[in-house]
>>> print(open('final.cif').read())   # mmCIF, C-alpha atoms
data_start
loop_
_atom_site.label_atom_id
_atom_site.label_comp_id
_atom_site.auth_asym_id
_atom_site.auth_seq_id
_atom_site.Cartn_x
_atom_site.Cartn_y
_atom_site.Cartn_z
CA MET A 1 10.53 8.15 33.02
CA ILE A 2 10.92 5.73 30.09
CA SER A 3 12.89 7.29 27.26
CA PRO A 4 11.31 7.36 23.78
CA LEU A 5 11.75 4.17 21.81
CA ARG A 6 14.46 4.54 19.17
CA VAL A 7 13.20 3.03 15.92
CA ALA A 8 15.16 2.34 12.73
CA LEU A 9 13.11 1.73 9.58
CA PHE A 10 14.61 0.05 6.49
CA THR A 11 12.00 0.60 3.79
CA ASP A 12 12.00 -0.69 0.22
CA SER A 13 9.80 2.27 -0.81
CA LEU A 14 9.86 5.84 0.40
CA LEU A 15 9.99 8.16 -2.61
CA GLU A 16 7.91 5.85 -4.82
CA ALA A 17 4.17 6.31 -5.36
CA ASN A 18 2.80 3.20 -3.71
CA GLY A 19 1.24 2.09 -0.45
CA VAL A 20 4.52 1.19 1.27
CA GLY A 21 5.96 4.56 0.30
CA THR A 22 2.93 6.40 1.68
CA VAL A 23 2.98 4.53 4.99
CA SER A 24 6.73 5.12 5.34
CA GLN A 25 6.42 8.84 4.59
CA ARG A 26 3.60 9.22 7.11
CA PHE A 27 5.62 7.31 9.70
CA LEU A 28 8.54 9.74 9.27
CA SER A 29 6.20 12.74 9.53
CA PHE A 30 4.67 11.37 12.71
CA ALA A 31 8.07 10.73 14.32
CA GLY A 32 9.28 14.21 13.39
CA SER A 33 6.14 15.92 14.67
CA ARG A 34 6.43 14.09 18.02
CA ASN A 35 10.22 14.61 18.27
CA LEU A 36 10.76 10.85 18.41
CA PRO A 37 14.27 9.56 17.62
CA PHE A 38 13.95 7.85 14.23
CA PHE A 39 16.36 6.46 11.63
CA CYS A 40 15.26 5.71 8.07
CA ALA A 41 17.31 3.87 5.43
CA PHE A 42 15.94 3.84 1.90
CA GLY A 43 17.02 3.54 -1.73
CA GLY A 44 17.51 6.54 -3.97
CA ASN A 45 19.68 8.23 -6.57
CA GLN A 46 22.62 9.10 -4.33
CA THR A 47 24.22 8.03 -1.08
CA ARG A 48 23.90 10.64 1.63
CA LYS A 49 22.92 11.16 5.25
CA ARG A 50 20.88 14.07 6.52
CA GLN A 51 18.98 15.14 9.62
CA GLU A 52 15.53 16.73 9.87
CA ARG A 53 14.35 17.39 13.40
CA SER A 54 14.55 14.08 15.24
CA VAL A 55 14.69 12.00 12.04
CA THR A 56 17.93 10.72 10.49
CA PHE A 57 17.68 9.94 6.77
CA TYR A 58 20.19 7.58 5.18
CA GLU A 59 19.73 7.34 1.41
CA LEU A 60 21.57 4.57 -0.45
CA LYS A 61 22.23 4.79 -4.17
CA ARG A 62 21.03 1.80 -6.15
CA GLY A 63 23.64 0.79 -8.71
CA LEU A 64 23.85 -0.59 -12.25
CA ALA A 65 22.82 -4.05 -11.04
CA SER A 66 19.40 -2.77 -9.97
CA PHE A 67 16.38 -3.86 -11.96
CA SER A 68 12.78 -2.73 -12.22
CA LEU A 69 10.09 -4.50 -10.21
CA ASP A 70 7.37 -2.07 -11.18
CA HIS A 71 6.91 1.54 -12.20
CA GLU A 72 9.35 3.60 -10.08
CA LEU A 73 10.17 0.56 -7.92
CA ARG A 74 13.63 -0.97 -8.25
CA CYS A 75 15.70 -3.61 -6.48
CA ASP A 76 19.48 -3.72 -6.23
CA PRO A 77 20.69 -7.24 -5.35
CA LEU A 78 24.14 -5.80 -4.59
CA LEU A 79 22.93 -3.25 -2.06
CA ILE A 80 24.58 -5.39 0.61
CA ARG A 81 27.79 -3.58 -0.38
CA TYR A 82 26.67 -0.84 2.04
CA LYS A 83 26.53 -3.26 4.95
CA LYS A 84 29.53 -1.86 6.84
CA SER A 85 28.67 1.82 6.44
CA ILE A 86 24.97 1.43 7.20
CA THR A 87 25.75 -0.80 10.19
CA ARG A 88 28.05 1.86 11.60
CA ALA A 89 25.43 4.57 11.05
CA THR A 90 22.68 2.49 12.61
CA GLN A 91 24.88 1.57 15.57
CA ALA A 92 25.65 5.24 16.14
CA PHE A 93 21.92 5.94 16.21
CA GLY A 94 21.45 3.21 18.85
CA PRO A 95 18.11 1.63 17.90
CA ASP A 96 15.92 -0.32 20.31
CA LEU A 97 14.19 -1.88 17.32
CA ILE A 98 14.70 -2.28 13.56
CA GLN A 99 11.68 -2.63 11.29
CA ILE A 100 11.86 -3.74 7.66
CA THR A 101 9.03 -3.60 5.14
CA GLY A 102 9.63 -6.91 3.41
CA PRO A 103 12.14 -9.03 1.49
CA GLY A 104 13.40 -6.35 -0.92
CA ASP A 105 16.92 -4.99 -1.10
CA LEU A 106 16.53 -2.67 1.90
CA GLY A 107 14.73 -5.39 3.82
CA VAL A 108 17.60 -7.83 3.36
CA LEU A 109 20.09 -5.13 4.33
CA GLY A 110 18.03 -4.26 7.40
CA PHE A 111 17.99 -7.90 8.46
CA TRP A 112 21.79 -8.10 8.27
CA VAL A 113 22.16 -4.92 10.30
CA ALA A 114 19.73 -6.16 12.97
CA HIS A 115 21.54 -9.49 13.10
CA SER A 116 24.97 -7.84 13.33
CA LEU A 117 23.92 -5.45 16.09
CA GLN A 118 21.71 -7.99 17.89
CA VAL A 119 18.76 -5.59 17.75
CA PRO A 120 15.17 -6.95 17.79
CA LEU A 121 13.73 -7.14 14.26
CA ALA A 122 10.13 -6.46 13.26
CA VAL A 123 9.03 -7.40 9.74
CA SER A 124 5.88 -5.85 8.27
CA TRP A 125 3.72 -7.45 5.58
CA HIS A 126 2.43 -4.97 3.00
CA THR A 127 1.98 -6.88 -0.24
CA ASN A 128 0.72 -10.33 -1.23
CA LEU A 129 3.80 -10.94 -3.36
CA HIS A 130 2.98 -14.62 -3.86
CA GLU A 131 -0.32 -13.73 -5.51
CA TYR A 132 1.45 -11.16 -7.68
CA ALA A 133 3.95 -13.81 -8.79
CA ALA A 134 1.18 -16.23 -9.74
CA LEU A 135 -0.88 -13.66 -11.64
CA ARG A 136 2.06 -12.23 -13.54
CA LEU A 137 3.34 -15.66 -14.54
CA GLU A 138 -0.10 -16.68 -15.74
CA ARG A 139 -0.37 -13.51 -17.81
CA THR A 140 3.04 -14.00 -19.44
CA MET A 141 2.13 -17.61 -20.34
CA GLY A 142 -0.90 -16.60 -22.37
CA TRP A 143 0.14 -18.86 -25.27
CA VAL A 144 0.19 -21.97 -23.04
CA PRO A 145 -2.97 -24.14 -22.66
CA ARG A 146 -5.15 -22.88 -19.79
CA GLY A 147 -4.78 -25.99 -17.65
CA VAL A 148 -1.00 -25.94 -17.81
CA ARG A 149 -0.92 -22.20 -17.27
CA THR A 150 -3.16 -22.38 -14.20
CA LYS A 151 -1.13 -25.22 -12.69
CA ALA A 152 2.17 -23.39 -13.25
CA ALA A 153 0.79 -20.18 -11.74
CA GLY A 154 -0.52 -22.06 -8.72
CA MET A 155 2.86 -23.71 -8.18
CA ALA A 156 4.62 -20.33 -8.51
CA GLY A 157 2.29 -18.86 -5.90
CA LYS A 158 2.91 -21.73 -3.49
CA LEU A 159 6.68 -21.63 -3.86
CA SER A 160 6.68 -17.85 -3.49
CA LEU A 161 4.62 -18.03 -0.31
CA ASP A 162 6.94 -20.69 1.11
CA ALA A 163 9.95 -18.46 0.42
CA LEU A 164 8.22 -15.40 1.86
CA THR A 165 7.23 -17.06 5.10
CA ARG A 166 10.77 -18.43 5.56
CA PHE A 167 11.99 -14.85 5.31
CA TYR A 168 9.36 -13.58 7.76
CA ARG A 169 10.48 -16.14 10.35
CA LEU A 170 13.62 -14.01 10.71
CA GLY A 171 11.60 -11.39 12.60
CA ARG A 172 11.21 -11.35 16.36
CA PHE A 173 7.62 -10.31 15.68
CA LEU A 174 5.57 -9.42 12.62
CA LEU A 175 3.09 -6.75 11.56
CA ALA A 176 0.27 -7.12 9.04
CA PRO A 177 -2.63 -4.89 7.94
CA ASN A 178 -5.52 -7.36 7.90
CA GLU A 179 -6.81 -10.35 9.83
CA ALA A 180 -6.33 -12.87 7.02
CA ALA A 181 -2.65 -11.96 6.65
CA ARG A 182 -2.13 -12.03 10.42
CA GLU A 183 -3.65 -15.49 10.72
CA MET A 184 -1.65 -16.83 7.78
CA LEU A 185 1.64 -15.46 9.08
CA ALA A 186 1.04 -16.68 12.62
CA GLU A 187 0.27 -20.18 11.39
CA ARG A 188 3.16 -20.43 8.94
CA THR A 189 5.90 -18.69 10.95
CA GLY A 190 5.05 -19.37 14.59
CA ARG A 191 5.78 -15.71 15.36
CA SER A 192 3.60 -13.20 17.18
CA VAL A 193 1.76 -11.08 14.61
CA PHE A 194 0.26 -7.67 15.41
CA GLY A 195 -1.95 -5.30 13.45
CA LEU A 196 -0.54 -2.45 11.38
CA GLY A 197 -3.29 0.02 10.54
CA HIS A 198 -3.55 2.63 7.82
CA GLY A 199 -4.88 6.16 7.94
CA VAL A 200 -5.58 9.12 5.72
CA ASP A 201 -4.94 12.86 5.79
CA CYS A 202 -8.43 14.36 5.63
CA GLU A 203 -7.08 17.87 5.22
CA MET A 204 -5.14 16.95 2.11
CA PHE A 205 -7.85 14.67 0.69
CA SER A 206 -11.08 16.62 0.84
CA PRO A 207 -14.22 17.40 -1.24
CA ALA A 208 -13.09 21.04 -1.07
CA ARG A 209 -10.41 20.17 -3.63
CA ARG A 210 -13.00 19.56 -6.36
CA ARG A 211 -12.47 21.80 -9.39
CA ARG A 212 -14.18 19.94 -12.24
CA LYS A 213 -17.01 21.92 -13.86
CA ASP A 214 -18.46 19.57 -16.48
CA ASP A 215 -21.24 17.05 -15.79
CA VAL A 216 -19.53 14.00 -17.32
CA PHE A 217 -19.79 11.21 -14.75
CA THR A 218 -16.21 10.38 -13.75
CA ILE A 219 -15.26 6.86 -12.71
CA GLY A 220 -11.84 6.90 -11.06
CA TYR A 221 -9.06 4.51 -10.19
CA ALA A 222 -5.65 5.05 -8.57
CA GLY A 223 -2.85 2.51 -8.30
CA ARG A 224 -0.49 0.48 -10.42
CA LEU A 225 -1.77 -0.52 -13.86
CA THR A 226 -0.65 -4.12 -13.44
CA PRO A 227 -2.27 -7.58 -13.77
CA GLU A 228 -2.61 -8.20 -10.04
CA LYS A 229 -4.70 -5.04 -9.70
CA GLY A 230 -7.37 -6.50 -11.98
CA VAL A 231 -7.46 -3.35 -14.11
CA ARG A 232 -8.52 -5.17 -17.29
CA MET A 233 -11.95 -5.43 -15.70
CA PHE A 234 -12.46 -1.76 -16.58
CA ALA A 235 -12.97 -2.73 -20.23
CA GLU A 236 -15.84 -5.05 -19.32
CA ILE A 237 -17.30 -2.52 -16.88
CA GLU A 238 -17.27 0.12 -19.62
CA ARG A 239 -18.96 -2.24 -22.05
CA ARG A 240 -21.70 -3.14 -19.59
CA ILE A 241 -22.42 0.49 -18.72
CA GLU A 242 -22.70 1.35 -22.40
CA ALA A 243 -25.04 -1.62 -22.91
CA ARG A 244 -27.34 0.00 -20.33
CA GLY A 245 -27.62 3.07 -22.54
CA HIS A 246 -25.14 5.37 -20.80
CA SER A 247 -22.62 7.40 -22.77
CA GLY A 248 -21.94 10.50 -20.63
CA PHE A 249 -19.11 9.06 -18.56
CA ARG A 250 -15.34 8.80 -18.51
CA VAL A 251 -12.81 6.51 -16.79
CA VAL A 252 -9.86 8.35 -15.24
CA LEU A 253 -6.91 6.10 -14.39
CA LEU A 254 -4.19 7.42 -12.08
CA GLY A 255 -0.93 5.47 -12.13
CA GLU A 256 1.39 3.65 -14.48
CA GLY A 257 2.22 0.03 -15.22
CA SER A 258 2.52 -2.76 -17.73
CA GLU A 259 -1.22 -2.85 -18.49
CA ARG A 260 -1.40 0.72 -19.74
CA GLY A 261 -1.00 -0.27 -23.40
CA TRP A 262 -3.72 -2.92 -23.18
CA LEU A 263 -6.08 -0.51 -21.46
CA ARG A 264 -5.44 2.22 -24.00
CA THR A 265 -6.37 -0.22 -26.76
CA HIS A 266 -9.47 -1.73 -25.12
CA LEU A 267 -11.03 1.26 -23.33
CA LYS A 268 -12.86 3.89 -25.38
CA ARG A 269 -13.53 6.43 -22.63
CA ALA A 270 -10.30 6.28 -20.62
CA GLU A 271 -8.09 9.18 -19.61
CA PHE A 272 -4.59 8.32 -18.35
CA ALA A 273 -3.36 10.83 -15.80
CA GLY A 274 -0.11 9.05 -14.92
CA VAL A 275 1.41 9.21 -11.46
CA LEU A 276 0.19 12.21 -9.48
CA ARG A 277 1.33 13.49 -6.12
CA GLY A 278 0.41 16.15 -3.61
CA ASP A 279 -2.25 18.69 -4.53
CA ALA A 280 -2.66 17.28 -8.05
CA LEU A 281 -3.46 13.85 -6.64
CA ALA A 282 -5.89 15.24 -4.06
CA GLN A 283 -7.72 17.25 -6.73
CA ALA A 284 -7.94 14.24 -9.04
CA PHE A 285 -9.63 12.23 -6.28
CA ALA A 286 -12.05 15.05 -5.46
CA ASP A 287 -13.00 15.39 -9.14
CA MET A 288 -14.22 11.78 -9.26
CA ASP A 289 -17.88 10.81 -8.91
CA ALA A 290 -17.16 7.18 -8.02
CA PHE A 291 -14.01 5.22 -7.23
CA VAL A 292 -13.65 1.67 -8.54
CA PHE A 293 -11.09 -0.71 -7.04
CA PRO A 294 -11.15 -4.12 -8.79
CA SER A 295 -8.05 -5.55 -7.06
CA ALA A 296 -8.52 -8.83 -5.19
CA THR A 297 -4.89 -9.05 -4.02
CA ASP A 298 -4.33 -5.88 -1.96
CA THR A 299 -3.65 -6.28 1.73
CA PHE A 300 -5.39 -3.01 2.56
CA GLY A 301 -6.16 -0.62 -0.29
CA LEU A 302 -5.01 2.77 0.99
CA VAL A 303 -6.36 4.54 -2.10
CA LEU A 304 -9.88 3.59 -0.99
CA LEU A 305 -9.44 5.71 2.13
CA GLU A 306 -8.06 8.59 0.07
CA ALA A 307 -11.09 8.47 -2.22
CA MET A 308 -13.47 8.32 0.74
CA ALA A 309 -11.78 11.26 2.45
CA SER A 310 -12.37 13.15 -0.82
CA GLY A 311 -16.12 12.53 -0.48
CA VAL A 312 -16.26 9.89 -3.22
CA PRO A 313 -18.38 6.70 -2.97
CA VAL A 314 -16.27 3.58 -3.49
CA LEU A 315 -16.91 0.22 -5.14
CA ALA A 316 -14.67 -2.70 -4.17
CA SER A 317 -14.66 -6.36 -3.22
CA ALA A 318 -16.24 -7.49 0.05
CA PRO A 319 -12.82 -8.21 1.68
CA ALA A 320 -11.47 -4.79 0.67
CA CYS A 321 -14.61 -3.06 1.96
CA GLY A 322 -14.36 -4.99 5.21
CA ARG A 323 -10.76 -3.91 5.82
CA ILE A 324 -11.60 -0.25 5.32
CA GLY A 325 -14.99 -0.29 7.03
CA VAL A 326 -17.13 0.32 3.94
CA ARG A 327 -20.73 -0.80 4.45
CA ASP A 328 -22.53 -2.02 1.35
CA GLY A 329 -25.06 0.62 0.33
CA VAL A 330 -23.79 3.22 2.84
CA GLU A 331 -20.30 4.44 1.89
CA GLY A 332 -20.37 2.60 -1.43
CA PHE A 333 -21.06 -0.82 -2.90
CA GLN A 334 -19.45 -4.20 -2.59
CA ALA A 335 -18.76 -5.75 -6.00
CA GLY A 336 -16.83 -8.75 -7.21
CA SER A 337 -17.64 -8.94 -10.91
CA ALA A 338 -17.86 -6.51 -13.81
CA GLU A 339 -21.65 -6.85 -13.72
CA GLU A 340 -21.81 -5.94 -10.02
CA PHE A 341 -19.52 -2.96 -10.54
CA ALA A 342 -21.68 -1.80 -13.46
CA GLN A 343 -24.87 -2.16 -11.41
CA GLY A 344 -23.48 -0.07 -8.58
CA LEU A 345 -22.15 2.59 -10.94
CA GLU A 346 -25.49 2.82 -12.72
CA ARG A 347 -27.26 3.48 -9.43
CA LEU A 348 -24.85 6.32 -8.69
CA MET A 349 -25.17 7.71 -12.22
CA ASN A 350 -28.96 7.78 -11.98
CA ASP A 351 -29.29 9.19 -8.46
CA ASP A 352 -27.47 12.40 -7.52
CA TRP A 353 -28.96 12.34 -4.02
CA LEU A 354 -27.67 8.83 -3.36
CA ARG A 355 -24.24 9.74 -4.63
CA GLY A 356 -24.14 12.77 -2.32
CA GLN A 357 -25.27 10.77 0.70
CA MET A 358 -22.73 8.04 0.07
CA GLY A 359 -19.98 10.59 -0.47
CA SER A 360 -20.75 12.23 2.88
CA ALA A 361 -20.84 8.88 4.65
CA ALA A 362 -17.53 7.91 3.04
CA ARG A 363 -15.95 11.14 4.22
CA ASP A 364 -17.21 10.57 7.79
CA CYS A 365 -15.81 7.03 7.76
CA ALA A 366 -12.40 8.21 6.59
CA ARG A 367 -12.22 10.94 9.22
CA ARG A 368 -12.27 8.30 11.93
CA GLN A 369 -9.01 6.79 10.61
CA SER A 370 -6.15 9.17 11.31
CA TRP A 371 -2.44 8.56 10.76
CA ASN A 372 -1.64 9.84 14.25
CA ARG A 373 -3.73 7.12 15.85
CA VAL A 374 -2.19 4.50 13.54
CA PHE A 375 1.35 5.26 14.72
CA GLU A 376 0.40 5.84 18.35
CA THR A 377 -1.00 2.31 18.25
CA LEU A 378 2.14 1.06 16.52
CA TYR A 379 4.36 2.36 19.31
CA GLU A 380 2.05 0.67 21.82
CA THR A 381 2.52 -2.51 19.79
CA TYR A 382 6.29 -2.13 19.92
CA ASP A 383 6.17 -1.82 23.70
CA ALA A 384 3.94 -4.86 24.05
CA ALA A 385 6.01 -6.96 21.65
CA LEU A 386 9.31 -6.07 23.28
CA ASP A 387 7.93 -6.19 26.82
CA ARG A 388 9.64 -2.86 27.12
CA ASP A 389 8.29 -1.78 30.48
CA VAL A 390 9.80 -4.85 32.12
CA ARG A 391 13.08 -4.36 30.28
CA GLU A 392 13.40 -0.71 31.31
CA ALA A 393 12.63 -1.52 34.94
CA GLN A 394 15.43 -4.09 35.22
CA PRO A 395 18.63 -2.84 36.87
CA ALA A 396 21.60 -2.32 34.59
#
>>> encode(input="final.cif", output="structure tokens")
Amino acid sequence: MISPLRVALFTDSLLEANGVGTVSQRFLSFAGSRNLPFFCAFGGNQTRKRQERSVTFYELKRGLASFSLDHELRCDPLLIRYKKSITRATQAFGPDLIQITGPGDLGVLGFWVAHSLQVPLAVSWHTNLHEYAALRLERTMGWVPRGVRTKAAGMAGKLSLDALTRFYRLGRFLLAPNEAAREMLAERTGRSVFGLGHGVDCEMFSPARRRRKDDVFTIGYAGRLTPEKGVRMFAEIERRIEARGHSGFRVVLLGEGSERGWLRTHLKRAEFAGVLRGDALAQAFADMDAFVFPSATDTFGLVLLEAMASGVPVLASAPACGRIGVRDGVEGFQAGSAEEFAQGLERLMNDDWLRGQMGSAARDCARRQSWNRVFETLYETYDAALDRDVREAQPA
């Protein structure tokens, strides 16, 4: 019998409220529930090691040199100071594979550990960081002429992508959540690139969580309130809905970020719920009537699945809908502009039956995408990538 694969995960987000953190948490839960040997290194407020079932947690305290990348997300460029202790702990665990979630502080540390121990390294792509760099630079250069600003942002994006793909070449194989990212990485790195799916907990996210009693149409969003998420579009969407004669609606924004101040100033009907977790997050999703996701940079859009599992029709770009499996006019609407978002929302506001049908279809779609199947497939990917059956069959 082949022994269970021993996996060590070095994740830049675990406790933070973002997509990488959610995937990492679900991965740990899966490993624990299946009694799979698993080691997880992550950043936190203290340095400690603990064991829960088959999972070893190794938390590393980020120090005074750490800086903020986003709300709740920090990076410590001096985290390499833990190299000796984390290498010893990882060696004691005896991994067959080390996976890192990108080029953050834990990712760099994980690379050094894999290199030191000569353990195969998998690198997963979760975020289009090069697009984030370009968008944020363009936003900060608002006082610069548009042509210069656009050129500088484009150059920043190109240089960032070059740096990213050089880092990803360090992996023995790569993982990515969508076809476009897989094709790009394969072309630019020459590495084998496999799919990394996403799932949703349909018991946690459910229409049964709905508690709202009023009849004010609630347009929802969840995610970072940052430029790359395209959240300023909500102001134009609100204006266009009002121009159609609608006033009985609200916009509920879940999350935090640098755009919160701008949104508070430019949106008249917005409610800012901040970062929610657990039951409060699930109820907030269920209390929505429609979920709007204006981001054009996300590699997957996990919050779309959470909204759909909650029985909420979704409106998003064609690529985002395609990644999730949203059919235009069935589980929601595809939209790329403020006008298209407003048109779809108006249809849902005017037709309770349509909204109910789309919500049911969205729920059915989400139920077909479970976390268990995601990680079962991931372990199959590990075996294929490492040619593990052949390796185990070879004599010692």
>>> residues_around(input="final.cif", residues="region 367-375 of chain A", least_positions_apart="4", cutoff="12 Å", atoms="all atoms listed in the file", output="ChimeraX atom specification")
/A:22-34,36,177,195-206,302,305-311,323-325,360-363,379-382
>>> axis_aligned_box(input="final.cif", around="region 269-280 of chain A", padding_each_side="3 Å", output="AutoDock Vina command-line options")
--center_x -6.1 --center_y 12.5 --center_z -13.1 --size_x 20.9 --size_y 18.4 --size_z 25.0
>>> resolve_selection(input="final.cif", expression="the PyMOL selection byres ((chain A and resi 314) around 9)", output="MDAnalysis selection string")
chainID A and resid 290:293 304 307:308 312:313 315:316 321 326 331:334 358:359 362
>>> residues_around(input="final.cif", residues="Glu256 (chain A)", least_positions_apart="2", cutoff="12 Å", atoms="all atoms listed in the file", output="JSON list (two decimals) with C-alpha atoms, in the coordinates of the input")
[["chain", "number", "residue", "atom", "x", "y", "z"],
["A", 16, "GLU", "CA", 7.91, 5.85, -4.82],
["A", 17, "ALA", "CA", 4.17, 6.31, -5.36],
["A", 18, "ASN", "CA", 2.80, 3.20, -3.71],
["A", 70, "ASP", "CA", 7.37, -2.07, -11.18],
["A", 71, "HIS", "CA", 6.91, 1.54, -12.20],
["A", 72, "GLU", "CA", 9.35, 3.60, -10.08],
["A", 73, "LEU", "CA", 10.17, 0.56, -7.92],
["A", 221, "TYR", "CA", -9.06, 4.51, -10.19],
["A", 222, "ALA", "CA", -5.65, 5.05, -8.57],
["A", 223, "GLY", "CA", -2.85, 2.51, -8.30],
["A", 224, "ARG", "CA", -0.49, 0.48, -10.42],
["A", 225, "LEU", "CA", -1.77, -0.52, -13.86],
["A", 226, "THR", "CA", -0.65, -4.12, -13.44],
["A", 227, "PRO", "CA", -2.27, -7.58, -13.77],
["A", 229, "LYS", "CA", -4.70, -5.04, -9.70],
["A", 231, "VAL", "CA", -7.46, -3.35, -14.11],
["A", 253, "LEU", "CA", -6.91, 6.10, -14.39],
["A", 254, "LEU", "CA", -4.19, 7.42, -12.08],
["A", 258, "SER", "CA", 2.52, -2.76, -17.73],
["A", 259, "GLU", "CA", -1.22, -2.85, -18.49],
["A", 260, "ARG", "CA", -1.40, 0.72, -19.74],
["A", 261, "GLY", "CA", -1.00, -0.27, -23.40],
["A", 263, "LEU", "CA", -6.08, -0.51, -21.46],
["A", 264, "ARG", "CA", -5.44, 2.22, -24.00],
["A", 272, "PHE", "CA", -4.59, 8.32, -18.35],
["A", 273, "ALA", "CA", -3.36, 10.83, -15.80],
["A", 274, "GLY", "CA", -0.11, 9.05, -14.92],
["A", 275, "VAL", "CA", 1.41, 9.21, -11.46],
["A", 276, "LEU", "CA", 0.19, 12.21, -9.48]]
>>> closest_residue(input="final.cif", among="A:Leu378, A:Val252, A:Leu281, A:Ala296", to="Leu174 (chain A)", atoms="only C-alpha atoms")
A:Leu378
>>> closest_residue(input="final.cif", among="A:Leu121, A:Ala8, A:Cys365, A:Ala176", to="Arg327 (chain A)", atoms="all atoms listed in the file")
A:Cys365
>>> closest_residue(input="final.cif", among="A:Ser295, A:Gln343, A:Thr90, A:Ser337", to="Phe57 (chain A)", atoms="only C-alpha atoms")
A:Thr90
>>> closest_residue(input="final.cif", among="A:Pro77, A:Gly102, A:Gly110, A:Gly19", to="Cys40 (chain A)", atoms="only C-alpha atoms")
A:Gly110
>>> closest_residue(input="final.cif", among="A:Asp289, A:Glu52, A:Asp96, A:Asp387", to="Pro4 (chain A)", atoms="only C-alpha atoms")
A:Asp96
>>> residues_around(input="final.cif", residues="Ala41 (chain A)", least_positions_apart="6", cutoff="7 Å", atoms="all atoms listed in the file", output="NGL selection string")
:A and (9-11 or 57-59)
>>> residues_around(input="final.cif", residues="Arg6 (chain A)", least_positions_apart="2", cutoff="6 Å", atoms="all atoms listed in the file", output="VMD selection string")
chain A and resid 37 to 38 95 to 96
>>> write_last_selection(input="final.cif", atoms="C-alpha atoms", output="tab-separated table (two decimals), in the coordinates of the input")
chain	number	residue	atom	x	y	z
A	37	PRO	CA	14.27	9.56	17.62
A	38	PHE	CA	13.95	7.85	14.23
A	95	PRO	CA	18.11	1.63	17.90
A	96	ASP	CA	15.92	-0.32	20.31
>>> closest_residue(input="final.cif", among="A:Ser13, A:Ala235, A:Ala122, A:Leu109", to="Arg74 (chain A)", atoms="all atoms listed in the file")
A:Ser13
>>> resolve_selection(input="final.cif", expression="the PyMOL selection byres ((chain A and resi 190) around 12)", output="JSON, numbers by chain")
{"A": [165, 166, 168, 169, 170, 171, 172, 173, 174, 182, 183, 184, 185, 186, 187, 188, 189, 191, 192, 193]}
>>> write_last_selection(input="final.cif", atoms="C-alpha atoms", output="short mmCIF file (atom, residue, chain, number, x, y, z; two decimals), keeping the file's coordinate frame")
data_model
loop_
_atom_site.label_atom_id
_atom_site.label_comp_id
_atom_site.auth_asym_id
_atom_site.auth_seq_id
_atom_site.Cartn_x
_atom_site.Cartn_y
_atom_site.Cartn_z
CA THR A 165 7.23 -17.06 5.10
CA ARG A 166 10.77 -18.43 5.56
CA TYR A 168 9.36 -13.58 7.76
CA ARG A 169 10.48 -16.14 10.35
CA LEU A 170 13.62 -14.01 10.71
CA GLY A 171 11.60 -11.39 12.60
CA ARG A 172 11.21 -11.35 16.36
CA PHE A 173 7.62 -10.31 15.68
CA LEU A 174 5.57 -9.42 12.62
CA ARG A 182 -2.13 -12.03 10.42
CA GLU A 183 -3.65 -15.49 10.72
CA MET A 184 -1.65 -16.83 7.78
CA LEU A 185 1.64 -15.46 9.08
CA ALA A 186 1.04 -16.68 12.62
CA GLU A 187 0.27 -20.18 11.39
CA ARG A 188 3.16 -20.43 8.94
CA THR A 189 5.90 -18.69 10.95
CA ARG A 191 5.78 -15.71 15.36
CA SER A 192 3.60 -13.20 17.18
CA VAL A 193 1.76 -11.08 14.61
#
>>> resolve_selection(input="final.cif", expression="the PyMOL selection byres ((chain A and resi 76) around 12)", output="tab-separated table (two decimals) with C-alpha atoms, in the coordinates of the input")
chain	number	residue	atom	x	y	z
A	12	ASP	CA	12.00	-0.69	0.22
A	42	PHE	CA	15.94	3.84	1.90
A	43	GLY	CA	17.02	3.54	-1.73
A	44	GLY	CA	17.51	6.54	-3.97
A	45	ASN	CA	19.68	8.23	-6.57
A	60	LEU	CA	21.57	4.57	-0.45
A	61	LYS	CA	22.23	4.79	-4.17
A	62	ARG	CA	21.03	1.80	-6.15
A	63	GLY	CA	23.64	0.79	-8.71
A	64	LEU	CA	23.85	-0.59	-12.25
A	65	ALA	CA	22.82	-4.05	-11.04
A	66	SER	CA	19.40	-2.77	-9.97
A	67	PHE	CA	16.38	-3.86	-11.96
A	68	SER	CA	12.78	-2.73	-12.22
A	69	LEU	CA	10.09	-4.50	-10.21
A	73	LEU	CA	10.17	0.56	-7.92
A	74	ARG	CA	13.63	-0.97	-8.25
A	75	CYS	CA	15.70	-3.61	-6.48
A	77	PRO	CA	20.69	-7.24	-5.35
A	78	LEU	CA	24.14	-5.80	-4.59
A	79	LEU	CA	22.93	-3.25	-2.06
A	80	ILE	CA	24.58	-5.39	0.61
A	81	ARG	CA	27.79	-3.58	-0.38
A	82	TYR	CA	26.67	-0.84	2.04
A	103	PRO	CA	12.14	-9.03	1.49
A	104	GLY	CA	13.40	-6.35	-0.92
A	105	ASP	CA	16.92	-4.99	-1.10
A	106	LEU	CA	16.53	-2.67	1.90
A	107	GLY	CA	14.73	-5.39	3.82
A	108	VAL	CA	17.60	-7.83	3.36
A	109	LEU	CA	20.09	-5.13	4.33
>>> atom_distance(input="final.cif", atom1="CA of Ala284 (chain A)", atom2="CA of Glu238 (chain A)")
20.0 Å
>>> atom_distance(input="final.cif", atom1="CA of Arg88 (chain A)", atom2="CA of Thr47 (chain A)")
14.6 Å
>>> atom_distance(input="final.cif", atom1="CA of Leu161 (chain A)", atom2="CA of Trp125 (chain A)")
12.1 Å
>>> residues_around(input="final.cif", residues="Val251 (chain A)", least_positions_apart="4", cutoff="7 Å", atoms="all atoms listed in the file", output="list in words")
Thr218, Ile219, Gly220, Arg269, Ala270 and Glu271 of chain A
